[in-house]
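Engineer: Compact mmCIF, C-alpha atoms, saved as entry28.txt, coming up:
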# COMPACT_ATOMS: atom_id res chain seq x y z
CA GLN A 1 69.70 88.43 91.85
CA ASN A 2 67.10 87.18 94.31
CA VAL A 3 67.09 83.61 93.01
CA GLY A 4 67.44 81.21 95.95
CA ARG A 5 66.78 83.90 98.54
CA ARG A 6 63.88 84.65 100.79
CA THR A 7 62.94 88.07 102.03
CA LEU A 8 61.31 88.03 105.43
CA SER A 9 59.67 90.89 107.25
CA LEU A 10 60.36 90.98 110.98
CA SER A 11 57.44 91.08 113.33
CA ALA A 12 59.51 92.76 116.06
CA HIS A 13 62.81 94.56 116.55
CA VAL A 14 65.83 92.17 116.62
CA GLY A 15 68.75 94.53 117.06
CA PHE A 16 71.26 93.84 114.28
CA ASP A 17 70.70 97.39 113.00
CA SER A 18 73.16 98.43 115.72
CA LEU A 19 76.05 96.73 113.92
CA PRO A 20 77.21 99.97 112.21
CA ASP A 21 77.29 101.71 115.57
CA GLN A 22 79.31 98.85 117.07
CA LEU A 23 81.82 98.97 114.20
CA LEU A 24 82.07 102.75 114.54
CA ARG A 25 82.80 102.56 118.28
CA LYS A 26 85.41 99.83 117.80
CA SER A 27 87.09 101.71 114.95
CA ILE A 28 87.19 104.95 116.94
CA LYS A 29 88.67 103.13 119.91
CA HIS A 30 91.34 101.48 117.76
CA GLY A 31 92.14 104.62 115.78
CA PHE A 32 93.03 105.13 112.15
CA CYS A 33 96.25 105.42 110.19
CA PHE A 34 97.09 107.25 106.99
CA ASN A 35 100.41 107.35 105.16
CA ILE A 36 101.47 110.01 102.64
CA LEU A 37 104.49 109.89 100.36
CA CYS A 38 105.80 113.29 99.15
CA ILE A 39 108.03 113.19 96.08
CA GLY A 40 109.66 116.34 94.80
CA GLU A 41 112.86 118.26 94.38
CA THR A 42 114.65 119.78 97.33
CA GLY A 43 113.10 123.11 98.35
CA ILE A 44 109.86 122.71 96.43
CA GLY A 45 107.75 123.07 99.60
CA LYS A 46 106.89 119.51 100.71
CA SER A 47 107.20 120.17 104.44
CA ALA A 48 105.39 123.50 104.21
CA LEU A 49 102.44 121.92 102.40
CA MET A 50 102.16 119.06 104.92
CA SER A 51 102.21 121.57 107.76
CA SER A 52 99.49 123.61 106.05
CA LEU A 53 97.27 120.60 105.35
CA PHE A 54 97.22 119.21 108.88
CA ASN A 55 97.96 122.34 110.96
CA ILE A 56 101.05 120.81 112.52
CA ASN A 57 104.73 121.61 112.18
CA PHE A 58 106.43 119.01 109.97
CA GLU A 59 109.64 120.98 109.61
CA ASP A 60 112.79 118.86 109.83
CA SER A 61 116.47 119.44 109.18
CA PRO A 62 116.95 121.01 105.75
CA SER A 63 118.30 118.69 103.08
CA THR A 64 121.34 119.51 100.99
CA HIS A 65 121.72 119.19 97.23
CA PHE A 66 124.80 116.96 97.51
CA LEU A 67 123.33 113.59 98.52
CA SER A 68 124.73 110.69 96.48
CA SER A 69 121.33 108.98 96.32
CA VAL A 70 117.68 109.54 97.22
CA GLN A 71 116.93 109.05 100.92
CA LEU A 72 113.42 108.53 102.30
CA ARG A 73 112.66 110.05 105.71
CA ALA A 74 109.49 109.15 107.60
CA GLN A 75 107.81 111.19 110.33
CA THR A 76 104.89 109.81 112.36
CA CYS A 77 102.60 111.77 114.64
CA GLU A 78 99.18 111.31 116.19
CA LEU A 79 96.43 113.81 115.40
CA GLN A 80 93.17 114.04 117.31
CA GLU A 81 90.05 115.76 116.08
CA SER A 82 86.98 115.48 118.32
CA ASN A 83 87.27 111.88 119.56
CA VAL A 84 88.93 110.44 116.43
CA VAL A 85 92.66 109.66 116.57
CA LEU A 86 94.65 109.50 113.33
CA LYS A 87 98.20 108.18 113.18
CA LEU A 88 99.68 110.15 110.29
CA THR A 89 102.96 109.17 108.64
CA VAL A 90 104.62 111.50 106.13
CA VAL A 91 107.49 110.13 104.04
CA LYS A 92 109.61 112.67 102.18
CA THR A 93 112.27 112.11 99.51
CA ALA A 94 115.53 113.88 100.33
CA GLY A 95 117.88 114.49 97.41
CA PHE A 96 115.35 113.65 94.69
CA GLY A 97 116.57 114.97 91.33
CA ASP A 98 119.87 116.33 92.70
CA GLN A 99 122.11 113.64 91.21
CA VAL A 100 123.97 114.15 87.94
CA ASN A 101 123.03 110.65 86.79
CA LYS A 102 119.24 110.46 87.18
CA VAL A 103 118.75 107.06 85.54
CA ASP A 104 117.81 105.17 88.72
CA THR A 105 116.63 108.09 90.84
CA TYR A 106 113.18 106.55 91.29
CA GLN A 107 114.45 103.07 92.27
CA PRO A 108 114.85 103.77 96.03
CA ILE A 109 111.24 104.99 96.10
CA VAL A 110 109.98 101.84 94.37
CA ASP A 111 112.01 99.70 96.76
CA TYR A 112 110.57 101.54 99.77
CA ILE A 113 106.97 100.98 98.65
CA ASP A 114 107.66 97.30 97.98
CA ALA A 115 109.35 96.99 101.38
CA GLN A 116 106.17 98.18 103.12
CA PHE A 117 104.12 95.64 101.16
CA GLU A 118 106.63 92.94 102.07
CA ALA A 119 106.51 93.84 105.77
CA TYR A 120 102.71 93.58 105.79
CA LEU A 121 102.87 90.25 103.91
CA GLU A 122 105.34 88.86 106.43
CA GLU A 123 103.00 89.88 109.25
CA GLU A 124 100.12 88.14 107.48
CA LEU A 125 102.08 84.91 107.04
CA LYS A 126 103.18 84.67 110.67
CA VAL A 127 101.86 81.81 112.79
CA ILE A 128 100.85 84.24 115.54
CA ARG A 129 99.55 87.38 113.86
CA SER A 130 98.64 90.74 115.34
CA LEU A 131 97.22 92.61 112.36
CA PHE A 132 94.73 94.45 114.56
CA SER A 133 97.50 96.21 116.47
CA TYR A 134 100.02 96.19 113.59
CA HIS A 135 101.15 99.63 112.42
CA ASP A 136 100.33 99.57 108.74
CA THR A 137 103.04 101.50 106.86
CA ARG A 138 101.74 100.89 103.34
CA ILE A 139 101.65 104.13 101.35
CA HIS A 140 98.04 105.25 100.79
CA VAL A 141 98.68 108.28 98.59
CA CYS A 142 101.63 109.82 96.78
CA LEU A 143 101.72 113.58 96.34
CA TYR A 144 104.02 114.17 93.39
CA PHE A 145 105.34 117.74 93.38
CA ILE A 146 105.91 119.26 89.94
CA SER A 147 108.21 122.25 89.51
CA PRO A 148 106.29 125.41 88.49
CA THR A 149 108.19 125.90 85.23
CA GLY A 150 105.05 126.58 83.22
CA ARG A 151 106.37 124.54 80.29
CA SER A 152 106.11 120.74 80.56
CA LEU A 153 106.95 117.73 82.69
CA LYS A 154 110.57 116.66 82.99
CA THR A 155 111.78 113.25 81.90
CA ILE A 156 112.47 112.27 85.50
CA ASP A 157 108.83 113.10 86.37
CA LEU A 158 107.48 110.84 83.63
CA LEU A 159 109.82 107.96 84.49
CA THR A 160 109.07 108.17 88.21
CA MET A 161 105.29 108.34 87.86
CA ARG A 162 105.30 105.55 85.29
CA SER A 163 107.19 103.27 87.68
CA LEU A 164 104.83 104.10 90.58
CA ASP A 165 101.36 104.23 89.03
CA SER A 166 100.88 100.46 89.48
CA LYS A 167 101.91 100.56 93.16
CA VAL A 168 100.41 103.67 94.74
CA ASN A 169 97.73 106.33 94.26
CA ILE A 170 99.41 109.31 92.58
CA ILE A 171 98.02 112.83 92.94
CA PRO A 172 100.09 115.39 91.00
CA VAL A 173 100.47 118.82 92.58
CA ILE A 174 102.26 121.93 91.36
CA GLY A 175 104.48 123.16 94.18
CA LYS A 176 104.92 126.88 94.89
CA ALA A 177 102.19 127.65 92.37
CA ASP A 178 102.25 131.33 93.35
CA SER A 179 105.44 131.76 91.33
CA ILE A 180 103.59 131.75 87.98
CA SER A 181 100.60 133.74 86.76
CA LYS A 182 97.07 132.35 86.68
CA ALA A 183 96.95 132.24 82.89
CA GLU A 184 100.24 130.33 82.73
CA LEU A 185 99.03 128.07 85.53
CA GLN A 186 95.91 127.00 83.64
CA GLU A 187 97.90 126.29 80.48
CA PHE A 188 100.46 124.38 82.53
CA LYS A 189 97.72 122.20 84.06
CA LYS A 190 96.34 121.32 80.63
CA LYS A 191 99.84 120.54 79.37
CA ILE A 192 100.53 118.25 82.34
CA MET A 193 97.30 116.28 81.94
CA SER A 194 97.82 115.84 78.19
CA GLU A 195 101.37 114.58 78.76
CA LEU A 196 100.19 112.13 81.41
CA VAL A 197 97.55 110.76 79.04
CA SER A 198 99.92 110.54 76.06
CA ASN A 199 102.51 108.66 78.15
CA GLY A 200 99.96 106.23 79.58
CA ILE A 201 100.45 107.27 83.21
CA GLN A 202 97.51 106.48 85.49
CA ILE A 203 96.90 108.99 88.28
CA TYR A 204 94.30 108.78 91.03
CA GLN A 205 90.86 109.95 90.02
CA PHE A 206 88.46 110.83 92.82
CA PRO A 207 85.55 108.33 92.71
CA THR A 208 82.25 109.44 91.27
CA ASP A 209 80.22 106.27 91.87
CA ASP A 210 79.18 107.30 95.40
CA GLU A 211 76.16 109.57 95.27
CA THR A 212 77.15 111.47 98.41
CA VAL A 213 80.45 112.70 96.94
CA SER A 214 79.86 112.21 93.22
CA GLU A 215 79.19 115.85 92.42
CA ILE A 216 82.07 117.37 94.37
CA ASN A 217 84.52 114.73 93.15
CA THR A 218 83.50 115.29 89.55
CA ILE A 219 84.19 118.99 89.93
CA THR A 220 87.45 118.42 91.78
CA ASN A 221 88.79 116.05 89.12
CA GLY A 222 88.78 119.05 86.81
CA TYR A 223 91.26 120.86 89.07
CA LEU A 224 93.97 118.21 88.71
CA PRO A 225 96.85 118.77 89.12
CA PHE A 226 96.35 120.89 92.24
CA ALA A 227 98.21 124.19 92.39
CA VAL A 228 99.31 124.35 96.04
CA VAL A 229 101.00 126.88 98.28
CA GLY A 230 102.15 126.06 101.80
CA SER A 231 103.07 128.30 104.69
CA MET A 232 102.94 128.29 108.49
CA GLU A 233 103.58 132.01 108.79
CA LYS A 234 100.64 134.16 109.84
CA VAL A 235 99.97 137.60 108.43
CA LYS A 236 97.52 140.13 109.87
CA ILE A 237 94.85 141.07 107.36
CA GLY A 238 92.31 143.44 108.81
CA ASN A 239 91.51 142.10 112.27
CA LYS A 240 92.41 138.48 111.51
CA MET A 241 95.64 136.51 111.48
CA VAL A 242 95.70 134.19 108.49
CA ARG A 243 98.31 131.84 107.14
CA ALA A 244 99.76 133.40 104.04
CA ARG A 245 102.88 134.27 102.08
CA GLN A 246 103.66 137.96 101.90
CA TYR A 247 105.38 139.44 98.87
CA PRO A 248 106.20 143.02 97.87
CA TRP A 249 103.36 142.92 95.35
CA GLY A 250 100.73 141.39 97.67
CA ILE A 251 99.69 138.51 99.92
CA VAL A 252 98.89 134.90 98.93
CA LYS A 253 96.43 133.32 101.36
CA VAL A 254 96.98 129.60 101.82
CA GLU A 255 93.36 128.91 102.77
CA ASN A 256 91.82 131.05 100.04
CA GLU A 257 90.56 128.85 97.18
CA SER A 258 90.84 131.72 94.71
CA HIS A 259 94.58 131.96 95.45
CA CYS A 260 95.54 128.27 95.46
CA ASP A 261 94.14 124.71 95.66
CA THR A 262 95.52 123.77 99.08
CA ILE A 263 92.07 123.71 100.69
CA LYS A 264 90.69 121.63 97.78
CA LEU A 265 93.50 119.10 98.27
CA ARG A 266 92.85 118.86 102.01
CA ARG A 267 89.11 118.44 101.46
CA MET A 268 89.63 115.71 98.88
CA LEU A 269 92.12 113.81 101.03
CA CYS A 270 89.77 113.80 104.00
CA THR A 271 86.65 113.04 101.95
CA ASN A 272 88.22 110.14 100.03
CA MET A 273 90.61 108.82 102.67
CA GLU A 274 88.85 105.44 102.93
CA ASP A 275 88.76 105.08 99.13
CA LEU A 276 92.49 105.76 98.99
CA LYS A 277 93.07 103.04 101.57
CA GLU A 278 90.84 100.65 99.64
CA LYS A 279 92.79 101.27 96.41
CA THR A 280 96.00 100.69 98.36
CA ARG A 281 94.65 97.29 99.46
CA ALA A 282 94.05 96.49 95.78
CA TYR A 283 97.68 97.38 94.96
CA TYR A 284 98.81 95.23 97.88
CA GLU A 285 96.71 92.28 96.66
CA LEU A 286 98.43 92.53 93.29
CA TYR A 287 101.85 92.56 94.97
CA ARG A 288 100.84 89.69 97.26
CA ARG A 289 99.64 87.60 94.32
CA ARG A 290 102.86 88.07 92.38
CA ARG A 291 104.98 87.41 95.44
CA LEU A 292 103.18 84.18 96.34
CA GLU A 293 103.22 82.98 92.74
CA LYS A 294 106.95 83.58 92.68
CA LEU A 295 107.26 81.43 95.81
CA GLY A 296 105.35 78.64 94.05
CA CYS A 297 101.97 79.03 95.75
CA ARG A 298 98.87 78.55 93.60
CA ASP A 299 95.13 77.99 93.97
CA ILE A 300 94.61 75.67 90.98
CA GLY A 301 96.66 72.58 90.20
CA PRO A 302 97.79 71.20 86.82
CA GLU A 303 94.39 69.53 86.26
CA ASN A 304 92.46 72.76 87.01
CA LYS A 305 91.47 71.43 90.40
CA PRO A 306 91.54 73.51 93.58
CA VAL A 307 94.73 73.13 95.58
CA SER A 308 94.77 73.76 99.30
CA LEU A 309 97.52 75.72 100.98
CA GLN A 310 98.54 72.60 102.90
CA GLU A 311 99.12 70.70 99.64
CA VAL A 312 101.18 73.58 98.25
CA ILE A 313 103.31 73.76 101.39
CA GLU A 314 103.77 69.97 101.42
CA ALA A 315 104.80 69.97 97.75
CA LYS A 316 107.28 72.77 98.34
CA ARG A 317 108.63 70.97 101.41
CA LEU A 318 109.10 67.74 99.41
CA GLU A 319 110.78 69.64 96.59
CA PHE A 320 113.06 71.36 99.07
CA CYS A 321 113.96 68.05 100.74
CA LEU A 322 114.79 66.43 97.40
CA GLU A 323 116.93 69.41 96.44
CA MET A 324 118.75 69.26 99.77
CA GLU A 325 119.37 65.51 99.34
CA ARG A 326 120.74 66.09 95.85
CA LYS A 327 123.06 68.83 97.06
CA GLU A 328 124.14 66.71 100.03
CA GLU A 329 124.99 63.78 97.72
CA GLU A 330 126.86 66.12 95.39
CA ILE A 331 128.89 67.55 98.27
CA LYS A 332 129.60 64.03 99.55
CA GLN A 333 130.87 62.87 96.14
CA ARG A 334 133.05 65.95 95.83
CA PHE A 335 134.45 65.34 99.31
CA LEU A 336 135.26 61.67 98.49
CA GLN A 337 136.97 62.73 95.26
CA ARG A 338 139.15 65.21 97.11
CA VAL A 339 139.97 62.58 99.76
CA ASN A 340 141.04 60.11 97.08
CA GLU A 341 143.19 62.72 95.36
CA LYS A 342 144.85 63.60 98.65
CA ALA A 343 145.44 59.90 99.44
CA ALA A 344 147.07 59.39 96.04
CA MET A 345 149.35 62.38 96.61
CA LEU A 346 150.36 61.07 100.05
CA GLU A 347 151.04 57.60 98.65
CA GLU A 348 153.27 59.01 95.92
CA ALA A 349 155.13 61.09 98.49
CA GLU A 350 155.67 58.00 100.66
CA GLN A 351 156.97 56.03 97.70
CA GLN A 352 159.46 58.75 96.86
CA ALA A 353 160.52 58.95 100.50
CA SER A 354 161.08 55.16 100.72
CA MET A 355 163.12 54.94 97.46
CA PRO A 356 166.49 53.07 98.03
CA VAL A 357 169.64 55.18 98.33
CA LEU A 358 171.24 53.24 95.47
CA THR A 359 168.49 54.18 93.10
CA LYS A 360 168.91 57.79 94.08
CA TYR A 361 172.70 57.53 93.60
CA ALA A 362 172.27 55.96 90.15
CA ARG A 363 169.90 58.68 89.15
CA LEU A 364 172.34 61.33 90.35
CA MET A 365 175.25 59.63 88.48
CA LEU A 366 173.20 59.60 85.32
CA MET A 367 172.49 63.26 85.71
CA HIS A 368 176.22 63.87 86.34
CA GLN A 369 177.20 62.01 83.17
CA GLU A 370 174.71 64.02 81.14
CA GLU A 371 176.21 67.22 82.52
CA GLU A 372 179.76 66.02 81.64
CA LEU A 373 178.72 65.27 78.07
CA LYS A 374 177.25 68.71 77.74
CA LEU A 375 180.45 70.27 79.11
CA GLU A 376 182.61 68.23 76.69
CA GLU A 377 180.55 69.45 73.76
CA LYS A 378 180.91 73.03 74.94
CA LYS A 379 184.68 72.50 75.41
CA LYS A 380 185.06 71.14 71.87
CA LEU A 381 183.17 74.09 70.43
CA LEU A 382 185.39 76.45 72.40
CA GLU A 383 188.60 74.77 71.15
CA ASP A 384 187.37 75.06 67.56
CA GLU A 385 186.71 78.74 68.07
CA ILE A 386 190.25 79.18 69.55
CA ALA A 387 191.84 77.39 66.55
CA GLN A 388 189.94 79.58 64.12
CA PHE A 389 191.00 82.63 66.05
CA ILE A 390 194.71 81.61 65.98
CA GLU A 391 194.51 80.94 62.24
CA LYS A 392 192.93 84.33 61.59
CA LYS A 393 195.61 85.96 63.76
CA ALA A 394 198.45 84.31 61.79
CA ILE A 395 196.99 85.48 58.50
CA THR A 396 196.68 89.00 59.84
CA VAL A 397 200.31 89.05 61.04
CA SER A 398 201.64 87.85 57.66
CA ILE A 399 199.71 90.55 55.84
CA GLN A 400 201.07 93.23 58.14
CA SER A 401 204.72 92.00 57.59
CA GLN A 402 204.32 92.17 53.80
CA VAL A 403 203.06 95.73 54.04
CA SER A 404 206.07 96.82 56.17
CA VAL A 405 208.69 95.32 53.67
CA SER A 406 207.21 97.01 50.60
CA THR A 407 207.28 100.48 52.16
CA PRO A 408 211.23 101.08 52.19
CA VAL A 409 211.59 100.12 48.50
CA VAL A 410 209.14 102.75 47.54
CA SER A 411 211.06 105.34 49.55
CA LEU A 412 214.44 104.46 47.88
CA LYS A 413 212.98 104.84 44.42
CA THR A 414 211.66 108.22 45.40
CA GLN A 415 215.09 109.36 46.62
CA GLY A 416 216.79 108.23 43.31
CA LEU A 417 214.38 110.25 41.25
CA GLN A 418 214.97 113.32 43.38
CA LYS A 419 218.88 112.97 42.87
CA VAL A 420 218.60 112.69 39.07
CA SER A 421 216.46 115.77 38.89
CA ALA A 422 218.99 117.70 40.99
CA ASP A 423 221.96 116.77 38.66
CA ALA A 424 220.08 117.92 35.67
Written as structure tokens, how would this file's structure read?
Structural biologist:
Amino acid sequence: QNVGRRTLSLSAHVGFDSLPDQLLRKSIKHGFCFNILCIGETGIGKSALMSSLFNINFEDSPSTHFLSSVQLRAQTCELQESNVVLKLTVVKTAGFGDQVNKVDTYQPIVDYIDAQFEAYLEEELKVIRSLFSYHDTRIHVCLYFISPTGRSLKTIDLLTMRSLDSKVNIIPVIGKADSISKAELQEFKKKIMSELVSNGIQIYQFPTDDETVSEINTITNGYLPFAVVGSMEKVKIGNKMVRARQYPWGIVKVENESHCDTIKLRRMLCTNMEDLKEKTRAYYELYRRRRLEKLGCRDIGPENKPVSLQEVIEAKRLEFCLEMERKEEEIKQRFLQRVNEKAAMLEEAEQQASMPVLTKYARLMLMHQEEELKLEEKKKLLEDEIAQFIEKKAITVSIQSQVSVSTPVVSLKTQGLQKVSADA
């Protein structure tokens, strides 16, 4: 590793060992930002957990179960601890899992994450950039709330996490974990982790390569998914007021690690906040690479030679100009064709308008003669039908006259027979 390098020992103090202090002062002056995405069903305790983690009221208007699609609502606030300012943004999913058709429930969430990447990319590609003062809205961590059923993950949970694990750091949490017993909770955690592994879903693992946090992160990875309970209500226990949830059978303390994992989650978020942001930059680099490749940008040309950005832009500009010329020529040809067709139609109309009156009269006379011939044929057919009708009528009359003559003879014969029988 030291090939080509020289190691020199300084004979006096130079002063570059103050660089970390300079960076620290500049970072503190500029402030920090952190963005959290909370995904879970309505009423699972997303707002209560955020309020418990950061000791601030994140309550907003309650969401109904009748939204036609998933809506993402963002809340931003500034937190100050000592002399460090943190701009915290919490994005919550309203209406998640409430639709009858849950096929594309996760799509608005994917689109939102990609939109934040796209906004940052657009800021990067501007001629005059202001990334130092730009409010970075890229999602650094996703807290996925799992319903405390105690059985297994739902299909919608698997589909959503599978579509997000390549875009954001996912930390699964069991919401309202005080609704199931400790024994069921431990079995539920094992079931969740086995299902995530069997379905190939990658969740965020707290890093263990840093010696300062290796031990605590190794232990904390064994608690995944975190069983959390959130509450802003304070209950008096002894002489102290603590945040807790009070039930008829007892009290669940939010900040008691033996009752829930809320404190563990807060500790891990604060301890590994910079690592979460670094992993988010890696996800963004992957999105940026795909986006630029789709636009035609590349680093290596056809001959495996480096290509500068100026060459890529010039090639795209030339390609665009050629395409525009082709389309312009195509539109021009289509326009000329339509003009010629219209000219031909106008010429034909002018010719018909300038036709001599005699020619029109002859044409009308010809049409009149054709009509007369048709009428004569119809007249002849009608006369034939009349003749046939008269003939049939004559035959019918003769038959009726013969029937009337034969009837009296029969009656006279009948009367003669009656007279002879009377004489006898």
Engineer: Could you please determine the separation between CA of Lys190 in chain A and CA of Ala94 in chain A in Å, to one decimal place?
Structural biologist: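 Pair CA of Lys190 in chain A / CA of Ala94 in chain A returns 28.5 Å.
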Engineer: If you count all atoms listed in the file, which residues fall within 8 Å of range 171-188 of chain A, apart from same-chain ones fewer than 2 positions away, as a ChimeraX atom specification?
Structural biologist: /A:44-46,141-152,169,190-192,203-204,224-230,252,259-260
Engineer: One decimal, in Å: what's the spacing between CA of Leu79 in chain A and CA of Ser27 in chain A?
Structural biologist: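 Between CA of Leu79 in chain A and CA of Ser27 in chain A the gap works out to 15.3 Å.
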Engineer: Name the residues in contact with range 118-124 of chain A at a cut-off of 10 Å, using only C-alpha atoms, excluding same-chain residues fewer than 4 positions from it; report them as a PyMOL selection string.
Structural biologist: chain A and resi 112-114+128-131+134-138+284-285+287-288+291-292
Engineer: So, counting all atoms listed in the file, which residue among A:Thr105, A:Ala343, A:Leu276, A:Arg162 is closest to Val197 in chain A?
Structural biologist: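 With all atoms listed in the file as the atom set, the closest residue is A:Arg162.
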Engineer: For Leu164 in chain A, which residue out of A:Ala244, A:Leu37, A:Leu23, A:Val84 is the nearest one, using only C-alpha atoms?
Structural biologist: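 Ranking A:Ala244, A:Leu37, A:Leu23, A:Val84 by distance to Leu164 in chain A, first place goes to A:Leu37.
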Engineer: Pick from A:Leu382, A:Leu24, A:Ile39, A:Val127: nearest to Val90 in chain A, with all atoms listed in the file counted?
Structural biologist: A:Ile39
Engineer: May I ask which of the residues A:Ile36, A:Ala349, A:Ile399, A:Leu381 is the closest one to Gln75 in chain A, counting only C-alpha atoms?
Structural biologist: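 With only C-alpha atoms as the atom set, the closest residue is A:Ile36.
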Engineer: Which of these residues is nearest to Gln107 in chain A, using all atoms listed in the file: A:Asn256, A:Thr280, A:Thr93, A:Asn272?
Structural biologist: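 Under the stated criterion, the closest residue is A:Thr93.
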Engineer: If we count all atoms listed in the file and set the cut-off at 12 Å, which residues sit around range 100-103 of chain A, ignoring sequence neighbours fewer than 5 positions away in its own chain? Please answer as a VMD selection string.
Structural biologist: chain A and resid 65 to 70 95 108 154 to 157 159 to 160
Engineer: Could you please take those selected residues and save C-alpha atoms as a PDB file, in the frame of the given file?
Structural biologist:
ATOM      1  CA  HIS A  65     121.720 119.190  97.230  1.00  0.00           C
ATOM      2  CA  PHE A  66     124.800 116.960  97.510  1.00  0.00           C
ATOM      3  CA  LEU A  67     123.330 113.590  98.520  1.00  0.00           C
ATOM      4  CA  SER A  68     124.730 110.690  96.480  1.00  0.00           C
ATOM      5  CA  SER A  69     121.330 108.980  96.320  1.00  0.00           C
ATOM      6  CA  VAL A  70     117.680 109.540  97.220  1.00  0.00           C
ATOM      7  CA  GLY A  95     117.880 114.490  97.410  1.00  0.00           C
ATOM      8  CA  PRO A 108     114.850 103.770  96.030  1.00  0.00           C
ATOM      9  CA  LYS A 154     110.570 116.660  82.990  1.00  0.00           C
ATOM     10  CA  THR A 155     111.780 113.250  81.900  1.00  0.00           C
ATOM     11  CA  ILE A 156     112.470 112.270  85.500  1.00  0.00           C
ATOM     12  CA  ASP A 157     108.830 113.100  86.370  1.00  0.00           C
ATOM     13  CA  LEU A 159     109.820 107.960  84.490  1.00  0.00           C
ATOM     14  CA  THR A 160     109.070 108.170  88.210  1.00  0.00           C
TER      15      THR A 160
END
Engineer: CA of Val235 in chain A and CA of Tyr223 in chain A are how many Å apart?
Structural biologist: 27.0 Å
Engineer: Of the residues A:Leu88, A:Val242, A:Ser214, A:Ile219, which is the one nearest to Ile56 in chain A, using only C-alpha atoms?
Structural biologist: A:Leu88
Engineer: Just the residues within 8 Å of range 308-323 of chain A, please, counting only C-alpha atoms, with nothing from its chain fewer than 5 positions along; format it as a list in words.
Structural biologist: Gly296, Cys297, Arg298 and Asp299 of chain A
